[in-house]
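Here the structure comes first, spelled out in structure tokens, and everything after it is commentary.
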Amino acid sequence: MQVYINNVTVLILGLIFASATKCLVDSEEKRSFLTRRSRCSTCKKELSFLDLIPIASYLFKRGRCSYCKSRIPFDIFLYEFFTLIVLIFYFIFDKYFIFLNLFYIGVLIYLIFIAIEDVRCLEVVDELFYIFLLLNVGLLVLNFHFFNILEWLLLVGIYHILYYIARGSIGYGDIKVFCVLVLNLNFFEGIYLFAFTFLYAGFFALGILVFKKVKRGTKIPLVPFIALGYFSVLLIREGILW
């Protein structure tokens, strides 16, 4: 029973943090973010408690503001939805994991947030990146006895060399994400991460070109594929340890 209570508590807190994070990203008043009530970005009306219930309020109100009926950005729902899905799967399969913990899950969730914003505006949003960095540093402190600074520096060097070779095909924000992620991966996992990322991105790019959904030369957000690559590396690590 206590396990279920703990899981529900973590789930609720996770959804609250997801909503708060999205509000921080979209807020034009960063300094007053923690001291003011949430409000509609269109009509500026302060939102009630019922308007702030994660996922349920969006679905019940059909994605529209209760007051001005303007459409609520779909990415707000995506933040909460992916947080819910990732946490539920973690709780279901928790007993099968050897090393995976909530820090890794937090890193994955915020990587998904960065991916959502990358799809939306083709950039790595600073507010999300700093939280992402803090989570990875926290995970590094917990696993510091596994950290090899020479391997990390070598991976950082390889990523930067590939960045300059790519000549603009890879954004520097993507490189920053790679460099932070490998704080808690070994050298081979860092190589796998890069390889999986471009394998997934390559298949996706080929698919949309074949079906003529975009023109050749169109920029494709890379962070969603970094997230898929990171998830693949975590699964491979668990598989090897089994």
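Letters A, B, ... go to the chains of the structure tokens in the order shown; residues in each chain start at 1; ligands are counted from 1 in the same order.
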Checklist entry - If you run DSSP on this backbone, which residues of stretch 40-87 of chain A come out as helix (DSSP H, G or I), and could you give them as an NGL selection string? => result :A and (50-52 or 56-60 or 74-87)
Residues of the last selection are to be written out with C-alpha atoms, as a JSON list (two decimals), in the first residue's frame.
[["chain", "number", "residue", "atom", "x", "y", "z"],
["A", 50, "LEU", "CA", -10.22, 23.49, -11.77],
["A", 51, "ASP", "CA", -8.46, 25.11, -14.74],
["A", 52, "LEU", "CA", -5.10, 23.89, -13.45],
["A", 56, "ALA", "CA", -8.10, 16.48, -17.18],
["A", 57, "SER", "CA", -8.78, 20.22, -17.43],
["A", 58, "TYR", "CA", -7.42, 20.34, -20.99],
["A", 59, "LEU", "CA", -9.57, 17.39, -22.11],
["A", 60, "PHE", "CA", -12.69, 18.49, -20.26],
["A", 74, "PHE", "CA", -1.34, 21.79, -27.51],
["A", 75, "ASP", "CA", 2.25, 21.60, -26.22],
["A", 76, "ILE", "CA", 0.95, 22.33, -22.71],
["A", 77, "PHE", "CA", -1.02, 19.08, -22.91],
["A", 78, "LEU", "CA", 2.03, 17.27, -24.34],
["A", 79, "TYR", "CA", 4.20, 18.23, -21.36],
["A", 80, "GLU", "CA", 1.68, 16.70, -18.96],
["A", 81, "PHE", "CA", 0.84, 13.70, -21.16],
["A", 82, "PHE", "CA", 4.45, 12.54, -21.65],
["A", 83, "THR", "CA", 5.19, 13.05, -17.96],
["A", 84, "LEU", "CA", 2.21, 10.84, -17.09],
["A", 85, "ILE", "CA", 3.15, 8.12, -19.60],
["A", 86, "VAL", "CA", 6.85, 7.96, -18.67],
["A", 87, "LEU", "CA", 6.12, 7.81, -14.92]]
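Proximity of A:Cys43, A:Ile165, A:Ile226, A:Ile112 to A:Phe194, computed with only C-alpha atoms, is greatest for A:Ile226.
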Checklist entry - Could you name the residues that touch stretch 94-105 of chain A at 9 Å or less, counting only C-alpha atoms, but leaving out those on the same chain fewer than 5 positions away, as number ranges by chain? => result A: 86-87, 89, 110, 135-136, 138-139, 234, 237-238, 241-242
Checklist entry - A:Phe147: which residues within 12 Å, counting only C-alpha atoms, same-chain residues fewer than 6 positions away excluded, as a ChimeraX atom specification? => result /A:137,139-141,153,182-187
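Atom CA of A:Ile158 to atom CA of A:Val125 spans 23.6 Å [interatomic distance, one decimal].
Across the model, the gap from atom CA of A:Cys121 to atom CA of A:Tyr67 is 27.5 Å.
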Next on the checklist: Please list as a ChimeraX atom specification every residue within 10 Å of A:Pro221, counting only C-alpha atoms and excluding residues in the same chain fewer than 4 positions away.
Outcome noted: /A:115-124,170-171,174,201,225-226
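Computed from the coordinates, the atom CA of A:Gly157 to atom CA of A:Gly173 distance equals 15.3 Å.
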Checklist entry - In terms of the shortest atom-to-atom distance over only C-alpha atoms, which of A:Phe188, A:Val107, A:Val223, A:Ile92 is closest to A:Asn7? => result A:Ile92
